[in-house]
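**Q** Input input-v7.cif, format and content: mmCIF, C-alpha atoms.
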data_start
#
loop_
_atom_site.label_atom_id
_atom_site.label_comp_id
_atom_site.auth_asym_id
_atom_site.auth_seq_id
_atom_site.Cartn_x
_atom_site.Cartn_y
_atom_site.Cartn_z
CA MET A 1 86.53 55.77 118.68
CA THR A 2 88.07 59.06 117.53
CA ASN A 3 89.62 61.09 120.32
CA ALA A 4 87.31 64.06 120.91
CA ILE A 5 90.08 66.65 121.15
CA GLU A 6 91.78 65.35 118.01
CA LEU A 7 88.44 65.59 116.21
CA MET A 8 87.90 69.17 117.35
CA MET A 9 91.42 70.21 116.35
CA ARG A 10 90.84 68.94 112.79
CA HIS A 11 87.74 71.08 112.20
CA ARG A 12 87.51 73.00 108.92
CA SER A 13 84.45 74.60 107.36
CA ILE A 14 83.53 72.54 104.29
CA ARG A 15 81.93 74.47 101.44
CA ARG A 16 81.89 71.85 98.67
CA PHE A 17 80.13 68.53 99.13
CA GLU A 18 79.72 65.28 97.21
CA ASP A 19 76.25 64.64 95.79
CA VAL A 20 75.48 62.08 98.47
CA PRO A 21 72.58 62.38 100.94
CA VAL A 22 73.16 61.94 104.66
CA PRO A 23 71.31 58.78 105.81
CA GLU A 24 68.37 59.24 108.15
CA ASP A 25 69.90 57.08 110.87
CA HIS A 26 73.03 59.27 110.91
CA ILE A 27 70.86 62.38 111.21
CA ARG A 28 68.93 60.90 114.11
CA GLN A 29 72.16 59.89 115.89
CA ALA A 30 73.63 63.37 115.45
CA VAL A 31 70.47 65.10 116.68
CA GLU A 32 70.30 62.84 119.72
CA ALA A 33 73.96 63.62 120.44
CA GLY A 34 73.14 67.31 120.10
CA GLN A 35 70.37 66.91 122.64
CA MET A 36 72.88 65.68 125.21
CA GLY A 37 74.50 69.10 125.28
CA SER A 38 74.07 71.22 128.38
CA THR A 39 70.83 73.19 128.67
CA SER A 40 69.91 75.71 131.35
CA ALA A 41 67.62 74.10 133.96
CA GLY A 42 66.53 71.51 131.41
CA ILE A 43 64.50 74.00 129.38
CA GLN A 44 65.85 72.72 126.02
CA SER A 45 64.72 75.85 124.18
CA TYR A 46 65.86 74.89 120.69
CA CYS A 47 64.75 72.94 117.66
CA VAL A 48 66.29 71.95 114.34
CA MET A 49 64.49 71.94 111.01
CA GLN A 50 65.79 69.79 108.15
CA ILE A 51 64.84 71.29 104.80
CA THR A 52 64.37 68.66 102.09
CA ASP A 53 61.95 70.31 99.64
CA GLU A 54 63.88 71.35 96.51
CA GLU A 55 61.89 74.53 95.95
CA SER A 56 62.42 75.59 99.56
CA LEU A 57 66.14 74.89 99.28
CA ALA A 58 66.32 76.98 96.11
CA LYS A 59 64.63 79.84 97.95
CA LEU A 60 67.04 79.48 100.87
CA VAL A 61 69.98 79.69 98.48
CA GLU A 62 68.60 83.06 97.41
CA PHE A 63 67.85 84.21 100.97
CA THR A 64 71.36 83.34 102.20
CA GLY A 65 73.11 85.42 99.56
CA ASN A 66 73.25 82.82 96.78
CA GLN A 67 75.17 80.26 98.83
CA THR A 68 74.62 77.32 96.48
CA LYS A 69 76.00 74.83 98.98
CA VAL A 70 72.74 75.18 100.92
CA ALA A 71 71.04 73.14 98.18
CA ARG A 72 74.04 70.99 97.23
CA CYS A 73 75.07 69.51 100.58
CA GLY A 74 73.99 66.12 101.86
CA ALA A 75 71.56 67.64 104.38
CA PHE A 76 70.64 71.21 105.26
CA PHE A 77 69.35 72.26 108.67
CA ILE A 78 68.09 75.44 110.27
CA ILE A 79 68.90 75.87 113.95
CA CYS A 80 66.28 77.77 115.93
CA GLY A 81 65.78 79.05 119.40
CA ASP A 82 62.45 77.54 120.44
CA THR A 83 60.30 79.14 123.11
CA ARG A 84 57.08 77.95 121.49
CA ARG A 85 56.69 74.88 123.67
CA HIS A 86 57.10 76.96 126.83
CA ARG A 87 54.45 79.38 125.62
CA LEU A 88 52.07 76.48 124.98
CA LEU A 89 52.76 75.05 128.42
CA ALA A 90 52.10 78.40 130.07
CA GLU A 91 48.86 78.72 128.12
CA ARG A 92 47.79 75.22 129.13
CA GLU A 93 48.57 75.94 132.79
CA GLU A 94 46.79 79.31 132.51
CA THR A 95 49.87 81.14 133.75
CA PRO A 96 51.59 84.21 132.26
CA TYR A 97 54.55 83.78 129.92
CA ASP A 98 56.88 86.68 130.79
CA THR A 99 59.83 86.45 128.43
CA ARG A 100 62.21 89.40 128.76
CA CYS A 101 65.71 89.26 127.28
CA GLU A 102 66.81 86.33 129.46
CA ALA A 103 64.39 83.89 127.81
CA PHE A 104 65.55 84.92 124.33
CA LEU A 105 69.20 84.72 125.34
CA LEU A 106 68.72 81.28 126.88
CA SER A 107 67.21 80.03 123.62
CA VAL A 108 70.21 81.34 121.67
CA VAL A 109 72.69 79.75 124.08
CA ASP A 110 70.81 76.43 124.19
CA ALA A 111 70.46 76.28 120.41
CA THR A 112 74.15 77.03 119.87
CA ILE A 113 75.32 74.36 122.32
CA PHE A 114 72.95 71.87 120.68
CA ALA A 115 74.19 72.75 117.19
CA GLN A 116 77.86 72.39 118.11
CA ASN A 117 77.25 69.01 119.74
CA MET A 118 75.34 67.88 116.66
CA SER A 119 78.09 69.15 114.37
CA LEU A 120 80.77 67.27 116.31
CA ALA A 121 78.67 64.12 116.03
CA PHE A 122 78.47 64.53 112.26
CA GLU A 123 82.21 65.20 112.03
CA SER A 124 82.92 62.07 114.07
CA MET A 125 81.06 60.13 111.32
CA GLY A 126 83.33 61.62 108.66
CA TYR A 127 81.03 64.37 107.42
CA GLY A 128 81.96 68.00 106.91
CA ILE A 129 79.89 70.93 108.14
CA CYS A 130 79.51 74.62 107.49
CA TYR A 131 77.46 77.07 109.54
CA ILE A 132 75.41 79.52 107.46
CA GLY A 133 75.09 82.89 109.15
CA GLY A 134 73.68 84.25 105.88
CA LEU A 135 70.37 82.75 106.93
CA ARG A 136 69.88 86.00 108.88
CA ASN A 137 70.03 88.10 105.70
CA GLN A 138 66.29 87.82 105.03
CA LEU A 139 64.68 86.41 108.14
CA ASN A 140 61.19 87.65 107.34
CA ASP A 141 61.32 85.66 104.10
CA VAL A 142 62.71 82.62 105.92
CA ALA A 143 59.93 82.77 108.51
CA THR A 144 57.26 83.08 105.80
CA LEU A 145 58.74 80.20 103.81
CA LEU A 146 58.84 77.91 106.85
CA LYS A 147 55.52 79.15 108.29
CA LEU A 148 57.16 79.79 111.66
CA PRO A 149 54.84 80.53 114.60
CA LYS A 150 55.66 83.03 117.32
CA GLY A 151 58.33 81.90 119.73
CA ILE A 152 60.55 80.34 117.05
CA TYR A 153 63.78 82.23 116.33
CA PRO A 154 65.79 81.02 113.29
CA LEU A 155 69.45 81.68 114.13
CA PHE A 156 71.68 80.07 111.48
CA GLY A 157 71.81 77.32 108.92
CA LEU A 158 73.98 74.21 108.90
CA CYS A 159 75.24 72.37 105.83
CA VAL A 160 76.29 68.75 106.37
CA GLY A 161 77.65 66.27 103.87
CA THR A 162 80.52 64.22 102.47
CA PRO A 163 83.42 66.65 101.86
CA ALA A 164 84.46 67.31 98.26
CA GLN A 165 87.44 69.40 99.37
CA ASP A 166 90.28 69.21 101.88
CA PRO A 167 91.00 72.78 103.01
CA THR A 168 93.86 73.64 105.30
CA LEU A 169 93.23 74.47 108.94
CA ARG A 170 92.51 78.14 109.58
CA PRO A 171 94.70 79.45 112.43
CA ARG A 172 92.94 80.74 115.53
CA LEU A 173 93.93 83.57 117.83
CA PRO A 174 96.95 82.80 120.04
CA LEU A 175 95.95 81.35 123.38
CA PRO A 176 97.03 84.43 125.39
CA SER A 177 94.38 86.38 123.45
CA VAL A 178 91.53 84.26 124.77
CA LEU A 179 92.69 82.62 128.01
CA PHE A 180 93.10 85.07 130.89
CA LYS A 181 93.87 84.56 134.56
CA ASP A 182 91.85 86.59 137.06
CA ALA A 183 91.77 89.84 135.05
CA TYR A 184 91.42 91.07 131.48
CA PRO A 185 94.79 92.03 129.90
CA ASP A 186 95.78 95.64 129.31
CA ASP A 187 95.32 97.08 125.83
CA GLU A 188 99.05 96.98 125.01
CA THR A 189 99.11 93.21 125.60
CA MET A 190 96.00 92.70 123.48
CA HIS A 191 97.46 94.75 120.62
CA SER A 192 100.69 92.75 120.77
CA ASN A 193 98.78 89.46 120.62
CA MET A 194 96.71 90.66 117.67
CA ASP A 195 99.85 91.81 115.85
CA ASP A 196 101.24 88.30 116.25
CA TYR A 197 98.02 86.90 114.85
CA ASP A 198 98.18 89.30 111.89
CA ARG A 199 101.53 87.81 110.91
CA THR A 200 100.19 84.26 111.26
CA MET A 201 97.10 85.02 109.18
CA LEU A 202 99.10 86.85 106.53
CA GLU A 203 101.14 83.68 105.96
CA TYR A 204 97.93 81.64 105.89
CA PHE A 205 96.22 83.89 103.33
CA GLU A 206 99.29 84.11 101.11
CA ALA A 207 99.69 80.31 101.17
CA ARG A 208 96.08 80.01 99.99
CA GLY A 209 96.66 82.52 97.20
CA ALA A 210 94.32 85.01 98.86
CA GLY A 211 96.75 87.91 98.62
CA ARG A 212 98.02 90.27 101.28
CA ARG A 213 95.09 90.28 103.69
CA ILE A 214 95.52 91.79 107.14
CA TRP A 215 93.17 90.25 109.71
CA SER A 216 93.04 93.25 112.07
CA GLU A 217 92.19 95.64 109.22
CA GLU A 218 89.43 93.33 108.03
CA MET A 219 87.96 93.12 111.53
CA ALA A 220 88.02 96.91 111.95
CA ASN A 221 86.21 97.33 108.63
CA LYS A 222 83.75 94.56 109.45
CA PHE A 223 82.44 96.38 112.49
CA LYS A 224 82.56 100.00 111.31
CA SER A 225 78.88 99.98 110.36
CA PRO A 226 75.84 97.97 111.49
CA LYS A 227 74.78 94.85 109.63
CA ARG A 228 71.38 93.16 109.40
CA ILE A 229 69.71 96.03 111.24
CA ASP A 230 66.30 94.37 110.91
CA LEU A 231 67.22 91.52 113.30
CA GLY A 232 65.86 93.22 116.42
CA PRO A 233 62.51 94.07 114.83
CA PHE A 234 62.24 90.58 113.35
CA TYR A 235 62.89 88.74 116.61
CA ARG A 236 60.50 91.07 118.40
CA SER A 237 57.87 90.24 115.76
CA GLN A 238 58.45 86.57 116.62
CA GLY A 239 57.67 87.29 120.26
CA ALA A 240 61.11 88.04 121.70
CA ASP A 241 61.18 90.61 124.48
CA LEU A 242 64.69 92.09 124.28
CA ASP A 243 64.30 94.40 127.30
#
Output the structure of this file as structure tokens.
**A**
Amino acid sequence: MTNAIELMMRHRSIRRFEDVPVPEDHIRQAVEAGQMGSTSAGIQSYCVMQITDEESLAKLVEFTGNQTKVARCGAFFIICGDTRRHRLLAEREETPYDTRCEAFLLSVVDATIFAQNMSLAFESMGYGICYIGGLRNQLNDVATLLKLPKGIYPLFGLCVGTPAQDPTLRPRLPLPSVLFKDAYPDDETMHSNMDDYDRTMLEYFEARGAGRRIWSEEMANKFKSPKRIDLGPFYRSQGADLD
């Protein structure tokens, strides 16, 4: 069996896949492995939707910003926070369902832990994966396409399949930038760590032929204006109480 840490340290996002479907038994194994992830108080407030209809996949390519891999991978999934079952249980027990932000947040946390466990299971079988945050570009269209009832919160997509590429590992932040003892570092220390990372990433980008890209400048530009400003209204329309 592959050592779990070795498997994690080899992770790359795969964006090109062979035209080979993922067998149903592998999907079931990966989903069951995902279900063994931690979940707050056993609530299991997540679900995963596999999209197999070709017309739906074509629409999802459009909705995700023309990410063609959505329709060309071995299997495409949508990871959702799922509070629907709890709403149904409350209705059956004739008790109020009082959501607030905590219930929404728990569904996001549960769904993310589930998805990462499932992804690791797929990678242990030799598949590649790529998360698709672009699913949140047009969530109203996604919800209409999938006929989602209230209480279901689509969060991100997941491409899985046999890799048709072998990309290099993307460096992560240096450990002192993410592992702290007892207190958060001062700003000078954080700046120094990020400067070190800029140099590492510059070498990485230049080796890939991506030019002189500066990670810290890209991050500053990424967050200078809001993105996907309709997310709050959409999730509220699905029943999320964000107060």
**Q** Could you list, with a cut-off of 10 Å and counting all atoms listed in the file, the residues of stretch 123-208 of chain A near stretch 26-48 of chain A, each shown with its nearest atom pair and the distance in Å rounded to one decimal, rows sorted by chain and ascending number, as a Markdown table?
**A**
| residue | atom | partner | partner_atom | distance |
| --- | --- | --- | --- | --- |
| A:Glu123 | CA | A:Ala30 | CA | 9.4 |
| A:Ser124 | CA | A:Ala30 | CA | 9.5 |
| A:Met125 | CA | A:His26 | CA | 8.1 |
| A:Gly151 | CA | A:Ser45 | CA | 9.9 |
| A:Ile152 | CA | A:Tyr46 | CA | 8.4 |
| A:Tyr153 | CA | A:Tyr46 | CA | 8.8 |
| A:Pro154 | CA | A:Val48 | CA | 9.1 |
| A:Gly157 | CA | A:Val48 | CA | 9.4 |
| A:Leu158 | CA | A:Val48 | CA | 9.7 |
| A:Val160 | CA | A:Ile27 | CA | 9.7 |
**Q** Quick one: everything within 10 Å of stretch 234-239 of chain A, counting only C-alpha atoms, minus sequence neighbours fewer than 5 positions away in the same chain. Send it as a PyMOL selection string.
**A** chain A and resi 83-84+99-100+104+136+138-140+143+148-155+229
**Q** Between A:Asp241, A:Asp166, A:Glu218, A:Asp187, single out the one closest to A:Arg15, counting all atoms listed in the file.
**A** A:Asp166
**Q** Please write the residues picked by the PyMOL selection byres ((chain A and resi 202) around 9) on this file as a list in words.
**A**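 Selected by the PyMOL selection byres ((chain A and resi 202) around 9) here: Tyr197, Asp198, Arg199, Thr200, Met201, Glu203, Tyr204, Phe205, Glu206, Ala207, Gly211, Arg212, Arg213, Ile214 and Trp215 of chain A.
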**Q** Those same residues - C-alpha atoms - I'd like them written as a tab-separated table (two decimals), in the coordinates of the input.
**A**
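Written out: result_19.tsv:
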chain	number	residue	atom	x	y	z
A	197	TYR	CA	98.02	86.90	114.85
A	198	ASP	CA	98.18	89.30	111.89
A	199	ARG	CA	101.53	87.81	110.91
A	200	THR	CA	100.19	84.26	111.26
A	201	MET	CA	97.10	85.02	109.18
A	203	GLU	CA	101.14	83.68	105.96
A	204	TYR	CA	97.93	81.64	105.89
A	205	PHE	CA	96.22	83.89	103.33
A	206	GLU	CA	99.29	84.11	101.11
A	207	ALA	CA	99.69	80.31	101.17
A	211	GLY	CA	96.75	87.91	98.62
A	212	ARG	CA	98.02	90.27	101.28
A	213	ARG	CA	95.09	90.28	103.69
A	214	ILE	CA	95.52	91.79	107.14
A	215	TRP	CA	93.17	90.25	109.71
**Q** If you apply the PyMOL selection byres ((chain A and resi 112) around 10) to this file, what residues do you get, as a ChimeraX atom specification?
**A** /A:34,37,46,79-81,106-111,113-118,155-156
**Q** With a cut-off of 7 Å, could you pull out the residues of stretch 92-206 of chain A touching stretch 52-71 of chain A and give me the nearest pair of atoms for each, distance in Å to one decimal, using all atoms listed in the file, ordered by chain and ascending number, as a Markdown table?
**A**
| residue | atom | partner | partner_atom | distance |
| --- | --- | --- | --- | --- |
| A:Gly134 | CA | A:Thr64 | CA | 4.4 |
| A:Leu135 | CA | A:Thr64 | CA | 4.9 |
| A:Asn137 | CA | A:Thr64 | CA | 6.1 |
| A:Gln138 | CA | A:Phe63 | CA | 5.7 |
| A:Cys159 | CA | A:Val70 | CA | 6.2 |
**Q** Take the residues just selected and output them with C-alpha atoms as a JSON list (two decimals), in the coordinates of the input.
**A**
[["chain", "number", "residue", "atom", "x", "y", "z"],
["A", 134, "GLY", "CA", 73.68, 84.25, 105.88],
["A", 135, "LEU", "CA", 70.37, 82.75, 106.93],
["A", 137, "ASN", "CA", 70.03, 88.10, 105.70],
["A", 138, "GLN", "CA", 66.29, 87.82, 105.03],
["A", 159, "CYS", "CA", 75.24, 72.37, 105.83]]
**Q** Name all residues at most 9 Å from A:Pro174 (count all atoms listed in the file; drop same-chain ones fewer than 6 positions away) and give them as a PyMOL selection string.
**A** chain A and resi 193-194+196-197
**Q** Can you measure atom CA of A:Gly161 to atom CA of A:Gly74 for me? One decimal in Å is fine.
**A**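 These atoms are spaced 4.2 Å apart.
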**Q** How many Å separate atom CA of A:Lys147 from atom CA of A:Phe122?
**A** 27.5 Å
**Q** Between atom CA of A:Leu89 and atom CA of A:Glu102, what is the distance in Å, rounded to a tenth?
**A**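 Result for atom CA of A:Leu89 versus atom CA of A:Glu102: 18.0 Å, one decimal.
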**Q** Write out as a list in words the residues lying within 9 Å of stretch 4-11 of chain A, counting all atoms listed in the file and excluding same-chain residues fewer than 5 positions away.
**A**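 Using all atoms listed in the file, the neighbours found are Leu120, Glu123, Ser124, Gly128, Ile129, Leu169 and Arg170 of chain A.
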**Q** Out of A:Phe77, A:Tyr184, A:Phe17, A:Phe223, which residue has the shortest atom-to-atom distance to A:Tyr131 when counting only C-alpha atoms?
**A**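 Among the listed residues, A:Phe77 lies closest to A:Tyr131.
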**Q** With distances taken over all atoms listed in the file, which residue among A:Gly133, A:Gly232, A:Pro96, A:Gly126 lies nearest A:Val22?
**A** A:Gly126
**Q** Which residue out of A:Asn221, A:Ser192, A:Gln165, A:Ser216 has the minimum interatomic distance to A:Arg12 when all atoms listed in the file are used?
**A** A:Gln165
